[in-house]
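Heads up: the structure comes next, in structure tokens.
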Amino acid sequence: MTLKLKPKKTLIKKKRHKSNLKLRKLNRKKTLRAKKRGMLKKRLYVKKKKRLKREESKTTVNPTMESALEVVEGLRKDIVKMDARIRGLLLGSHDNPFNGRVFLVEHGIRRWIPGPEIFEAYGFRWPNIRWVDKQMLNCFTIGPNLSFPPSFEIKDRKSKILNNIDLKNSVGLEIGPLSLPIVSKDEGNIYYADHTTTEELIKKYQDDPGVDVTNIPQIDFIWGEKTYRKAIPSYLSFDYIVASHVIEHIPDVIGWLAELSEVLKDGGFVCLAIPDKRYTFDYFRKLTTTAELIDAYLNRLRRPGPRQIFDNCSNVVKINTGDSWSPDFDASNAERYHSDESAMNLCIESIQNKKYVDVHCSVYTSHSFLELFNHLSRLHLVNFKIAKYYEPERLSNEFIVILQKLPK
């Protein structure tokens, strides 16, 4: 058997192929090494650049205090000229003692506001915040803190409370309108009810700067000793009832809702604006419980009882609603409206003279009210369902609940 040898040309080709593979591998390694060297050089260059920048910033001379004071003094002198530009300007500073606070500067006066977002929340258009140092802020005169933006008005508050009721074609009852009725006589067929007459209300609030007694409407029905059904003619029933900041004054909430149901048409609405204790003088008071509501209901309270009067008067404090929305709000040093002794005297007077002492008989937050209402519904103590509900608007002190009467 003879062996066949491979041709010489084939062997040469194989050798060349092997040598080419080796060259390629070497080239790849060289390329990788070059890339690594390039990347290292780039990194070193970036580091060097950053180091030089740091050194440059250290050696840069900051403006002297004298020059800063000159700028401040110049601004102080030009405040009158700058009024047009300053008006509505939002200035903020991260320097102590301001720590990121924002101020509204108007007519050379700076007033702290809880946060810039409030302007957008209430439909106001303002310039963007300009962040400055504390020297700039200190050049403006300090004014009283703003609890609310200028011309504050909760957006769509009225439409929320009224639940888009057709005022012209409906008959309504507003309870406790005082000097700011939600619905005026010009807007629709509306009646007013309160715990006393118009004359007594004027006498009671004539020295209160927060109440314009000239705007108190004529009260049509007096509620208190009489129920609503007895105080209101039998032929009259309502499509809706409005009560803004009223339910918390009612001694017997369960009985009161039952009375409203008697004068309300099936499917009618009870529109409530209710203060949230977190943003009012009730700040330190405990939340009302179901047991307390049932106790008042079974005792058929027509006037605030001693427990309700004392709890209100001994715990209410002076709270600024705008400040209470701030995350760093501290009410520990808030001033009390009454002493324990004066609270006790009011309790005794209410019993001996059968005097109606107007207080917040119940205390809620937006969530606690929903829990209470659900509990009362399960106990079949209310003849309503919650049709709509609105959380408190930022910087307001109330939440809104729309109840709808269930058919019997």
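In the structure tokens, chains take letters A, B, ... by order of appearance, with residues numbered from 1 within each chain and ligands from 1 in the order shown.
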Selection near region 226-236 of chain A, 12 Å with only C-alpha atoms, sequence-local residues under 4 positions removed, as a PyMOL selection string: chain A and resi 171-173+175+189-196+219-222+241+252+255-265+300-303
Can you pull out the residues contacting Lys134 (chain A)? Cut-off 8 Å, using only C-alpha atoms, and skip same-chain residues under 6 positions away; I want them as a count of residues only. 4
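Minimum atom-to-atom distance to Leu293 (chain A), evaluated using only C-alpha atoms, belongs to A:His375 out of A:Lys405, A:Lys318, A:His375, A:His245.
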Using DSSP on the backbone coordinates, identify the residues of region 316-400 of chain A assigned to alpha helix (DSSP H); present them as a PDB file with N, CA and C atoms, in the first residue's frame.
ATOM      1  N   THR A 321     -54.485  79.161  60.313  1.00  0.00           N
ATOM      2  CA  THR A 321     -54.729  78.063  59.365  1.00  0.00           C
ATOM      3  C   THR A 321     -53.584  77.891  58.372  1.00  0.00           C
ATOM      4  N   GLY A 322     -53.091  78.997  57.821  1.00  0.00           N
ATOM      5  CA  GLY A 322     -52.001  78.905  56.846  1.00  0.00           C
ATOM      6  C   GLY A 322     -50.760  78.278  57.440  1.00  0.00           C
ATOM      7  N   ASP A 323     -50.423  78.682  58.676  1.00  0.00           N
ATOM      8  CA  ASP A 323     -49.233  78.126  59.339  1.00  0.00           C
ATOM      9  C   ASP A 323     -49.404  76.638  59.617  1.00  0.00           C
ATOM     10  N   SER A 324     -50.635  76.220  59.943  1.00  0.00           N
ATOM     11  CA  SER A 324     -50.863  74.819  60.325  1.00  0.00           C
ATOM     12  C   SER A 324     -50.612  73.843  59.183  1.00  0.00           C
ATOM     13  N   ASP A 340     -59.414  77.219  82.435  1.00  0.00           N
ATOM     14  CA  ASP A 340     -60.289  76.142  82.921  1.00  0.00           C
ATOM     15  C   ASP A 340     -61.404  76.705  83.806  1.00  0.00           C
ATOM     16  N   GLU A 341     -61.067  77.754  84.566  1.00  0.00           N
ATOM     17  CA  GLU A 341     -62.057  78.366  85.464  1.00  0.00           C
ATOM     18  C   GLU A 341     -63.206  78.991  84.672  1.00  0.00           C
ATOM     19  N   SER A 342     -62.861  79.742  83.603  1.00  0.00           N
ATOM     20  CA  SER A 342     -63.918  80.370  82.802  1.00  0.00           C
ATOM     21  C   SER A 342     -64.742  79.318  82.067  1.00  0.00           C
ATOM     22  N   ALA A 343     -64.100  78.220  81.670  1.00  0.00           N
ATOM     23  CA  ALA A 343     -64.827  77.121  81.021  1.00  0.00           C
ATOM     24  C   ALA A 343     -65.832  76.506  81.986  1.00  0.00           C
ATOM     25  N   MET A 344     -65.409  76.341  83.238  1.00  0.00           N
ATOM     26  CA  MET A 344     -66.293  75.782  84.265  1.00  0.00           C
ATOM     27  C   MET A 344     -67.467  76.723  84.542  1.00  0.00           C
ATOM     28  N   ASN A 345     -67.188  78.008  84.599  1.00  0.00           N
ATOM     29  CA  ASN A 345     -68.251  78.997  84.851  1.00  0.00           C
ATOM     30  C   ASN A 345     -69.303  78.991  83.744  1.00  0.00           C
ATOM     31  N   LEU A 346     -68.866  78.820  82.496  1.00  0.00           N
ATOM     32  CA  LEU A 346     -69.805  78.753  81.376  1.00  0.00           C
ATOM     33  C   LEU A 346     -70.705  77.526  81.483  1.00  0.00           C
ATOM     34  N   CYS A 347     -70.139  76.415  81.949  1.00  0.00           N
ATOM     35  CA  CYS A 347     -70.938  75.193  82.140  1.00  0.00           C
ATOM     36  C   CYS A 347     -72.035  75.426  83.180  1.00  0.00           C
ATOM     37  N   ILE A 348     -71.650  76.043  84.299  1.00  0.00           N
ATOM     38  CA  ILE A 348     -72.618  76.309  85.377  1.00  0.00           C
ATOM     39  C   ILE A 348     -73.697  77.272  84.897  1.00  0.00           C
ATOM     40  N   GLU A 349     -73.269  78.324  84.171  1.00  0.00           N
ATOM     41  CA  GLU A 349     -74.218  79.318  83.666  1.00  0.00           C
ATOM     42  C   GLU A 349     -75.213  78.695  82.692  1.00  0.00           C
ATOM     43  N   SER A 350     -74.736  77.786  81.842  1.00  0.00           N
ATOM     44  CA  SER A 350     -75.622  77.151  80.858  1.00  0.00           C
ATOM     45  C   SER A 350     -76.711  76.328  81.535  1.00  0.00           C
ATOM     46  N   ILE A 351     -76.401  75.740  82.711  1.00  0.00           N
ATOM     47  CA  ILE A 351     -77.387  74.925  83.426  1.00  0.00           C
ATOM     48  C   ILE A 351     -78.327  75.804  84.242  1.00  0.00           C
ATOM     49  N   GLN A 352     -77.746  76.731  85.013  1.00  0.00           N
ATOM     50  CA  GLN A 352     -78.566  77.548  85.911  1.00  0.00           C
ATOM     51  C   GLN A 352     -79.490  78.503  85.158  1.00  0.00           C
ATOM     52  N   SER A 366     -61.248  65.058  58.126  1.00  0.00           N
ATOM     53  CA  SER A 366     -61.987  64.584  56.951  1.00  0.00           C
ATOM     54  C   SER A 366     -62.179  63.069  56.993  1.00  0.00           C
ATOM     55  N   HIS A 367     -61.181  62.341  57.485  1.00  0.00           N
ATOM     56  CA  HIS A 367     -61.271  60.880  57.497  1.00  0.00           C
ATOM     57  C   HIS A 367     -62.113  60.377  58.669  1.00  0.00           C
ATOM     58  N   SER A 368     -61.994  61.045  59.837  1.00  0.00           N
ATOM     59  CA  SER A 368     -62.760  60.581  60.995  1.00  0.00           C
ATOM     60  C   SER A 368     -64.260  60.738  60.757  1.00  0.00           C
ATOM     61  N   PHE A 369     -64.651  61.793  60.023  1.00  0.00           N
ATOM     62  CA  PHE A 369     -66.069  61.989  59.734  1.00  0.00           C
ATOM     63  C   PHE A 369     -66.608  60.838  58.887  1.00  0.00           C
ATOM     64  N   LEU A 370     -65.842  60.421  57.886  1.00  0.00           N
ATOM     65  CA  LEU A 370     -66.290  59.313  57.032  1.00  0.00           C
ATOM     66  C   LEU A 370     -66.450  58.029  57.837  1.00  0.00           C
ATOM     67  N   GLU A 371     -65.505  57.780  58.735  1.00  0.00           N
ATOM     68  CA  GLU A 371     -65.592  56.575  59.578  1.00  0.00           C
ATOM     69  C   GLU A 371     -66.821  56.626  60.482  1.00  0.00           C
ATOM     70  N   LEU A 372     -67.052  57.804  61.097  1.00  0.00           N
ATOM     71  CA  LEU A 372     -68.229  57.958  61.955  1.00  0.00           C
ATOM     72  C   LEU A 372     -69.513  57.746  61.171  1.00  0.00           C
ATOM     73  N   PHE A 373     -69.589  58.355  59.999  1.00  0.00           N
ATOM     74  CA  PHE A 373     -70.805  58.255  59.189  1.00  0.00           C
ATOM     75  C   PHE A 373     -71.061  56.804  58.782  1.00  0.00           C
ATOM     76  N   ASN A 374     -70.025  56.096  58.388  1.00  0.00           N
ATOM     77  CA  ASN A 374     -70.182  54.680  58.007  1.00  0.00           C
ATOM     78  C   ASN A 374     -70.661  53.849  59.189  1.00  0.00           C
ATOM     79  N   HIS A 375     -70.126  54.176  60.383  1.00  0.00           N
ATOM     80  CA  HIS A 375     -70.542  53.448  61.584  1.00  0.00           C
ATOM     81  C   HIS A 375     -72.021  53.711  61.885  1.00  0.00           C
ATOM     82  N   LEU A 376     -72.435  54.970  61.790  1.00  0.00           N
ATOM     83  CA  LEU A 376     -73.839  55.321  62.031  1.00  0.00           C
ATOM     84  C   LEU A 376     -74.757  54.680  60.984  1.00  0.00           C
ATOM     85  N   SER A 377     -74.271  54.578  59.753  1.00  0.00           N
ATOM     86  CA  SER A 377     -75.065  53.926  58.688  1.00  0.00           C
ATOM     87  C   SER A 377     -75.280  52.461  58.992  1.00  0.00           C
ATOM     88  N   ARG A 378     -74.233  51.791  59.475  1.00  0.00           N
ATOM     89  CA  ARG A 378     -74.353  50.368  59.809  1.00  0.00           C
ATOM     90  C   ARG A 378     -75.334  50.148  60.965  1.00  0.00           C
TER      91      ARG A 378
END
Could you list, as number ranges by chain, every residue within 12 Å of Asp328 (chain A), counting only C-alpha atoms and ignoring same-chain residues fewer than 3 positions away? A: 99, 101, 114, 323-325, 331-332
Residues within 12 Å of Ile319 (chain A), please, as an NGL selection string. Count only C-alpha atoms; anything in the same chain fewer than 2 positions from it doesn't count. :A and (147 or 277-284 or 315-317 or 321-325 or 329-337 or 397)
Work out how far apart CA of Tyr364 (chain A) and CA of Ala296 (chain A) are and give it in Å to one decimal.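 Computed distance, CA of Tyr364 (chain A) to CA of Ala296 (chain A), equals 16.1 Å.
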